[in-house]
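Have a look at input34.pdb below; it lists PDB, C-alpha atoms, pLDDT in the B column.
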ATOM      1  CA  MET A   1     -67.428  10.944 -30.519  1.00 48.00           C
ATOM      2  CA  SER A   2     -67.293  13.361 -27.617  1.00 52.00           C
ATOM      3  CA  PRO A   3     -66.924  17.088 -28.217  1.00 56.00           C
ATOM      4  CA  PHE A   4     -63.786  17.108 -26.036  1.00 52.00           C
ATOM      5  CA  ASP A   5     -60.837  14.957 -27.078  1.00 50.00           C
ATOM      6  CA  GLN A   6     -58.779  14.009 -24.011  1.00 56.00           C
ATOM      7  CA  ARG A   7     -55.706  13.083 -26.058  1.00 58.00           C
ATOM      8  CA  THR A   8     -55.211  16.555 -27.502  1.00 54.00           C
ATOM      9  CA  ASP A   9     -57.072  18.693 -24.905  1.00 50.00           C
ATOM     10  CA  LYS A  10     -58.873  20.473 -27.746  1.00 48.00           C
ATOM     11  CA  THR A  11     -62.548  20.851 -28.334  1.00 52.00           C
ATOM     12  CA  GLN A  12     -63.729  19.229 -31.542  1.00 60.00           C
ATOM     13  CA  ALA A  13     -66.292  21.078 -33.589  1.00 65.00           C
ATOM     14  CA  MET A  14     -69.515  19.153 -34.132  1.00 77.00           C
ATOM     15  CA  ALA A  15     -71.072  19.083 -37.538  1.00 81.00           C
ATOM     16  CA  PRO A  16     -73.955  21.531 -37.873  1.00 81.00           C
ATOM     17  CA  ALA A  17     -77.486  20.207 -37.605  1.00 78.00           C
ATOM     18  CA  GLU A  18     -79.030  18.651 -40.687  1.00 85.00           C
ATOM     19  CA  PRO A  19     -81.228  21.085 -42.624  1.00 85.00           C
ATOM     20  CA  ALA A  20     -84.321  18.909 -42.063  1.00 85.00           C
ATOM     21  CA  ALA A  21     -83.749  18.861 -38.294  1.00 85.00           C
ATOM     22  CA  GLN A  22     -83.111  22.607 -38.302  1.00 88.00           C
ATOM     23  CA  ARG A  23     -86.366  23.281 -40.211  1.00 91.00           C
ATOM     24  CA  ARG A  24     -88.237  21.015 -37.799  1.00 91.00           C
ATOM     25  CA  ALA A  25     -86.817  22.948 -34.830  1.00 92.00           C
ATOM     26  CA  VAL A  26     -87.798  26.294 -36.357  1.00 93.00           C
ATOM     27  CA  ALA A  27     -91.302  24.978 -37.052  1.00 95.00           C
ATOM     28  CA  ALA A  28     -91.479  23.754 -33.446  1.00 95.00           C
ATOM     29  CA  LEU A  29     -90.472  27.181 -32.180  1.00 95.00           C
ATOM     30  CA  LEU A  30     -93.106  28.946 -34.290  1.00 95.00           C
ATOM     31  CA  VAL A  31     -95.881  26.536 -33.279  1.00 95.00           C
ATOM     32  CA  ALA A  32     -94.819  26.812 -29.615  1.00 94.00           C
ATOM     33  CA  LEU A  33     -95.061  30.597 -29.836  1.00 94.00           C
ATOM     34  CA  LEU A  34     -98.530  30.230 -31.386  1.00 92.00           C
ATOM     35  CA  SER A  35     -99.500  27.981 -28.492  1.00 91.00           C
ATOM     36  CA  LEU A  36     -98.314  30.481 -25.916  1.00 89.00           C
ATOM     37  CA  THR A  37     -99.984  33.335 -27.798  1.00 89.00           C
ATOM     38  CA  GLY A  38    -103.243  31.369 -27.834  1.00 84.00           C
ATOM     39  CA  VAL A  39    -103.108  30.974 -24.057  1.00 82.00           C
ATOM     40  CA  LEU A  40    -102.212  34.599 -23.429  1.00 82.00           C
ATOM     41  CA  ALA A  41    -104.799  35.979 -25.884  1.00 79.00           C
ATOM     42  CA  LEU A  42    -107.675  34.564 -23.877  1.00 74.00           C
ATOM     43  CA  GLY A  43    -110.309  37.275 -23.850  1.00 69.00           C
ATOM     44  CA  ASP A  44    -113.866  36.111 -24.428  1.00 67.00           C
ATOM     45  CA  PRO A  45    -114.863  33.545 -21.782  1.00 65.00           C
ATOM     46  CA  GLN A  46    -117.524  32.025 -24.039  1.00 66.00           C
ATOM     47  CA  ARG A  47    -115.037  31.122 -26.773  1.00 75.00           C
ATOM     48  CA  GLY A  48    -112.122  30.625 -24.403  1.00 78.00           C
ATOM     49  CA  VAL A  49    -112.417  26.857 -24.160  1.00 82.00           C
ATOM     50  CA  TYR A  50    -111.830  26.536 -27.911  1.00 85.00           C
ATOM     51  CA  LEU A  51    -108.797  28.812 -27.746  1.00 88.00           C
ATOM     52  CA  VAL A  52    -107.364  26.881 -24.809  1.00 89.00           C
ATOM     53  CA  ALA A  53    -107.958  23.546 -26.568  1.00 90.00           C
ATOM     54  CA  TYR A  54    -106.167  24.936 -29.649  1.00 91.00           C
ATOM     55  CA  ALA A  55    -103.266  26.108 -27.469  1.00 92.00           C
ATOM     56  CA  LEU A  56    -102.995  22.664 -25.878  1.00 94.00           C
ATOM     57  CA  LEU A  57    -102.973  20.949 -29.272  1.00 95.00           C
ATOM     58  CA  ALA A  58    -100.434  23.418 -30.700  1.00 95.00           C
ATOM     59  CA  GLY A  59     -98.221  22.959 -27.638  1.00 95.00           C
ATOM     60  CA  ALA A  60     -98.306  19.182 -28.015  1.00 96.00           C
ATOM     61  CA  VAL A  61     -97.427  19.422 -31.725  1.00 96.00           C
ATOM     62  CA  ALA A  62     -94.598  21.866 -30.964  1.00 96.00           C
ATOM     63  CA  MET A  63     -93.223  19.589 -28.257  1.00 96.00           C
ATOM     64  CA  TRP A  64     -93.301  16.623 -30.640  1.00 96.00           C
ATOM     65  CA  LEU A  65     -91.523  18.610 -33.376  1.00 95.00           C
ATOM     66  CA  ALA A  66     -88.857  19.873 -30.969  1.00 94.00           C
ATOM     67  CA  VAL A  67     -88.168  16.485 -29.389  1.00 94.00           C
ATOM     68  CA  THR A  68     -87.973  14.731 -32.751  1.00 93.00           C
ATOM     69  CA  SER A  69     -85.562  17.371 -34.075  1.00 93.00           C
ATOM     70  CA  LEU A  70     -83.345  16.803 -31.033  1.00 91.00           C
ATOM     71  CA  ALA A  71     -83.554  13.029 -31.487  1.00 91.00           C
ATOM     72  CA  ARG A  72     -82.665  13.327 -35.164  1.00 90.00           C
ATOM     73  CA  ALA A  73     -79.604  15.431 -34.308  1.00 89.00           C
ATOM     74  CA  ARG A  74     -78.536  12.962 -31.624  1.00 89.00           C
ATOM     75  CA  ARG A  75     -78.930  10.011 -34.012  1.00 89.00           C
ATOM     76  CA  SER A  76     -76.863  11.668 -36.706  1.00 86.00           C
ATOM     77  CA  ARG A  77     -74.327  12.935 -34.143  1.00 87.00           C
ATOM     78  CA  THR A  78     -74.678  16.551 -35.184  1.00 88.00           C
ATOM     79  CA  ALA A  79     -75.108  19.716 -33.184  1.00 86.00           C
ATOM     80  CA  ARG A  80     -78.448  20.525 -31.619  1.00 86.00           C
ATOM     81  CA  PRO A  81     -80.671  22.465 -34.027  1.00 90.00           C
ATOM     82  CA  HIS A  82     -80.952  26.163 -33.209  1.00 89.00           C
ATOM     83  CA  GLY A  83     -84.187  26.927 -31.378  1.00 89.00           C
ATOM     84  CA  SER A  84     -84.969  23.351 -30.357  1.00 91.00           C
ATOM     85  CA  ALA A  85     -84.304  23.909 -26.641  1.00 91.00           C
ATOM     86  CA  ALA A  86     -86.306  27.145 -26.654  1.00 93.00           C
ATOM     87  CA  ALA A  87     -89.133  25.430 -28.516  1.00 94.00           C
ATOM     88  CA  THR A  88     -89.187  22.632 -25.946  1.00 95.00           C
ATOM     89  CA  ALA A  89     -89.337  25.100 -23.051  1.00 95.00           C
ATOM     90  CA  ILE A  90     -91.983  27.341 -24.629  1.00 94.00           C
ATOM     91  CA  ALA A  91     -94.088  24.354 -25.682  1.00 95.00           C
ATOM     92  CA  GLY A  92     -93.865  22.971 -22.142  1.00 95.00           C
ATOM     93  CA  ILE A  93     -95.046  26.278 -20.703  1.00 94.00           C
ATOM     94  CA  GLY A  94     -97.863  26.445 -23.247  1.00 93.00           C
ATOM     95  CA  ILE A  95     -98.963  22.883 -22.442  1.00 95.00           C
ATOM     96  CA  LEU A  96     -98.861  23.566 -18.698  1.00 95.00           C
ATOM     97  CA  LEU A  97    -100.816  26.833 -18.876  1.00 92.00           C
ATOM     98  CA  SER A  98    -103.401  25.514 -21.311  1.00 92.00           C
ATOM     99  CA  SER A  99    -103.901  22.373 -19.191  1.00 94.00           C
ATOM    100  CA  ILE A 100    -104.517  24.500 -16.109  1.00 92.00           C
ATOM    101  CA  LEU A 101    -106.929  26.747 -17.999  1.00 88.00           C
ATOM    102  CA  LEU A 102    -108.743  23.786 -19.531  1.00 89.00           C
ATOM    103  CA  LEU A 103    -109.188  22.324 -16.063  1.00 90.00           C
ATOM    104  CA  ALA A 104    -110.533  25.699 -14.892  1.00 86.00           C
ATOM    105  CA  PHE A 105    -113.001  25.717 -17.789  1.00 84.00           C
ATOM    106  CA  ILE A 106    -114.145  22.216 -16.848  1.00 85.00           C
ATOM    107  CA  VAL A 107    -114.610  23.071 -13.169  1.00 85.00           C
ATOM    108  CA  LEU A 108    -115.916  26.627 -13.599  1.00 84.00           C
ATOM    109  CA  GLY A 109    -117.622  26.335 -16.992  1.00 82.00           C
ATOM    110  CA  ARG A 110    -121.076  27.428 -15.836  1.00 85.00           C
ATOM    111  CA  GLN A 111    -119.709  30.443 -13.939  1.00 86.00           C
ATOM    112  CA  MET A 112    -117.558  31.505 -16.885  1.00 83.00           C
ATOM    113  CA  SER A 113    -120.472  31.178 -19.277  1.00 82.00           C
ATOM    114  CA  GLN A 114    -122.648  33.356 -17.055  1.00 86.00           C
ATOM    115  CA  TYR A 115    -119.800  35.855 -16.732  1.00 85.00           C
ATOM    116  CA  GLY A 116    -119.376  36.044 -20.510  1.00 82.00           C
ATOM    117  CA  GLN A 117    -123.105  36.540 -21.012  1.00 85.00           C
ATOM    118  CA  CYS A 118    -123.179  39.220 -18.325  1.00 88.00           C
ATOM    119  CA  LEU A 119    -120.250  41.044 -19.941  1.00 84.00           C
ATOM    120  CA  SER A 120    -121.879  40.938 -23.368  1.00 84.00           C
ATOM    121  CA  GLU A 121    -125.028  42.547 -21.937  1.00 87.00           C
ATOM    122  CA  ALA A 122    -123.148  45.118 -19.837  1.00 85.00           C
ATOM    123  CA  GLY A 123    -123.203  48.539 -21.434  1.00 85.00           C
ATOM    124  CA  THR A 124    -121.341  50.570 -18.838  1.00 89.00           C
ATOM    125  CA  THR A 125    -118.198  50.233 -16.800  1.00 89.00           C
ATOM    126  CA  ALA A 126    -120.250  49.947 -13.631  1.00 91.00           C
ATOM    127  CA  ALA A 127    -122.208  47.034 -15.139  1.00 89.00           C
ATOM    128  CA  GLN A 128    -118.948  45.311 -16.132  1.00 88.00           C
ATOM    129  CA  GLN A 129    -117.631  45.720 -12.589  1.00 91.00           C
ATOM    130  CA  SER A 130    -120.880  44.265 -11.272  1.00 91.00           C
ATOM    131  CA  CYS A 131    -120.365  41.247 -13.570  1.00 90.00           C
ATOM    132  CA  GLN A 132    -116.863  40.823 -12.220  1.00 90.00           C
ATOM    133  CA  VAL A 133    -118.091  40.931  -8.612  1.00 92.00           C
ATOM    134  CA  GLN A 134    -120.803  38.358  -9.399  1.00 91.00           C
ATOM    135  CA  PHE A 135    -118.221  36.129 -11.081  1.00 90.00           C
ATOM    136  CA  THR A 136    -115.825  36.388  -8.137  1.00 91.00           C
ATOM    137  CA  HIS A 137    -118.587  35.433  -5.689  1.00 91.00           C
ATOM    138  CA  ALA A 138    -119.676  32.495  -7.885  1.00 90.00           C
ATOM    139  CA  VAL A 139    -116.096  31.203  -8.146  1.00 88.00           C
ATOM    140  CA  ASN A 140    -115.588  31.537  -4.388  1.00 90.00           C
ATOM    141  CA  ARG A 141    -118.798  29.568  -3.758  1.00 89.00           C
ATOM    142  CA  GLU A 142    -117.664  26.845  -6.178  1.00 86.00           C
ATOM    143  CA  ILE A 143    -114.234  26.591  -4.533  1.00 85.00           C
ATOM    144  CA  ALA A 144    -115.861  26.428  -1.085  1.00 87.00           C
ATOM    145  CA  SER A 145    -118.178  23.627  -2.239  1.00 86.00           C
ATOM    146  CA  LEU A 146    -115.214  21.711  -3.711  1.00 82.00           C
ATOM    147  CA  ARG A 147    -113.322  22.045  -0.429  1.00 85.00           C
ATOM    148  CA  ALA A 148    -116.367  20.872   1.515  1.00 84.00           C
ATOM    149  CA  GLU A 149    -116.681  17.807  -0.732  1.00 83.00           C
ATOM    150  CA  GLU A 150    -112.992  17.061  -0.289  1.00 81.00           C
ATOM    151  CA  GLN A 151    -113.155  17.237   3.505  1.00 82.00           C
ATOM    152  CA  GLY A 152    -116.500  15.492   3.924  1.00 67.00           C
TER     153      GLY A 152
END
Encoding of this model in structure tokens:
Amino acid sequence: MSPFDQRTDKTQAMAPAEPAAQRRAVAALLVALLSLTGVLALGDPQRGVYLVAYALLAGAVAMWLAVTSLARARRSRTARPHGSAAATAIAGIGILLSSILLLAFIVLGRQMSQYGQCLSEAGTTAAQQSCQVQFTHAVNREIASLRAEEQG
């Protein structure tokens, strides 16, 4: 049944989403927000890989919940559950960002570990800035070596 009836030129109201699908969509939205918060709350480089892995897992769970709530609504021919589209978008962003960060942790793990150790030992602002400069140089060297491997 289409939402627009051509015989009468009137829009038909769809039945509201089933309560189970609506709860699933709300749960998806909350888990997606947790995923995005996990990515954006990245602070300590030494524990960052665990936070990013959590964000990736939470994003995948949120995406699954959102897609299944949409599928359930489509099967029962009801309206889309409120928050399901937002949950899908936020979960997708969380998955994308956490995947990129996880890849960065894999490629730059040693440099990030040294940076975290340097920051934990730094007692002054000048020492923290020195750690940041060392980290930047180490990352630039790693990127240059990756480019050299790619070209050669």
Ground truth for the PyMOL selection byres ((chain A and resi 135-146) around 8), written as an MDAnalysis selection string
chainID A and resid 108 111:112 114:115 131:134 147:150
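Of the listed residues (A:Gln151, A:Ser76, A:Ser130, A:Ser98), A:Ser98 comes nearest to Leu40 (chain A); the distances count all atoms listed in the file.
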Using the chain letters and numbering of this document, enumerate as number ranges by chain the residues selected by the PyMOL selection byres ((chain A and resi 99) around 12).
A: 35-36, 39, 49, 51-57, 59-60, 91-98, 100-106
Using all atoms listed in the file, find the one residue out of A:Arg75, A:Pro16, A:Arg47, A:Pro81 that sits nearest to Ala28 (chain A).
A:Pro81
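Between Gln22 (chain A) and the candidates A:Trp64, A:Ser84, A:Arg74, A:Gly48, the tightest atom-to-atom separation, counting all atoms listed in the file, involves A:Ser84.
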Atom pair CA of Ala25 (chain A) / CA of Leu42 (chain A): separation (Å)
26.3 Å
Shell around Arg80 (chain A) at 7 Å using only C-alpha atoms, local window under 2 positions removed, as a PDB file with C-alpha atoms, in the frame of the given file:
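Full text of result10.pdb as output:
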ATOM      1  CA  ALA A  17     -77.486  20.207 -37.605  1.00 78.00           C
ATOM      2  CA  LEU A  70     -83.345  16.803 -31.033  1.00 91.00           C
ATOM      3  CA  ALA A  73     -79.604  15.431 -34.308  1.00 89.00           C
ATOM      4  CA  THR A  78     -74.678  16.551 -35.184  1.00 88.00           C
ATOM      5  CA  HIS A  82     -80.952  26.163 -33.209  1.00 89.00           C
TER       6      HIS A  82
END
Between CA of Leu29 (chain A) and CA of Ala41 (chain A), distance in Å (one decimal):
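Going from CA of Leu29 (chain A) over to CA of Ala41 (chain A) covers 18.0 Å.
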One decimal, Å: what's the distance from CA of Ala20 (chain A) over to CA of Ala58 (chain A), could you say?
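Going from CA of Ala20 (chain A) over to CA of Ala58 (chain A) covers 20.2 Å.
Using all atoms listed in the file, the nearest neighbour of Arg24 (chain A) within the list A:Tyr50, A:Arg72, A:Val107, A:Thr37 is A:Arg72.
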With all atoms listed in the file as the basis for distance, which of A:Ala126, A:Gly116, A:Glu18, A:Val31 is at the shortest distance from Arg77 (chain A)?
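Of all the options, A:Glu18 lies closest to Arg77 (chain A).
Nearest to Ser69 (chain A) of all the residues A:Leu30, A:Leu119, A:Ala85, A:Ala127 is A:Ala85, based on all atoms listed in the file.
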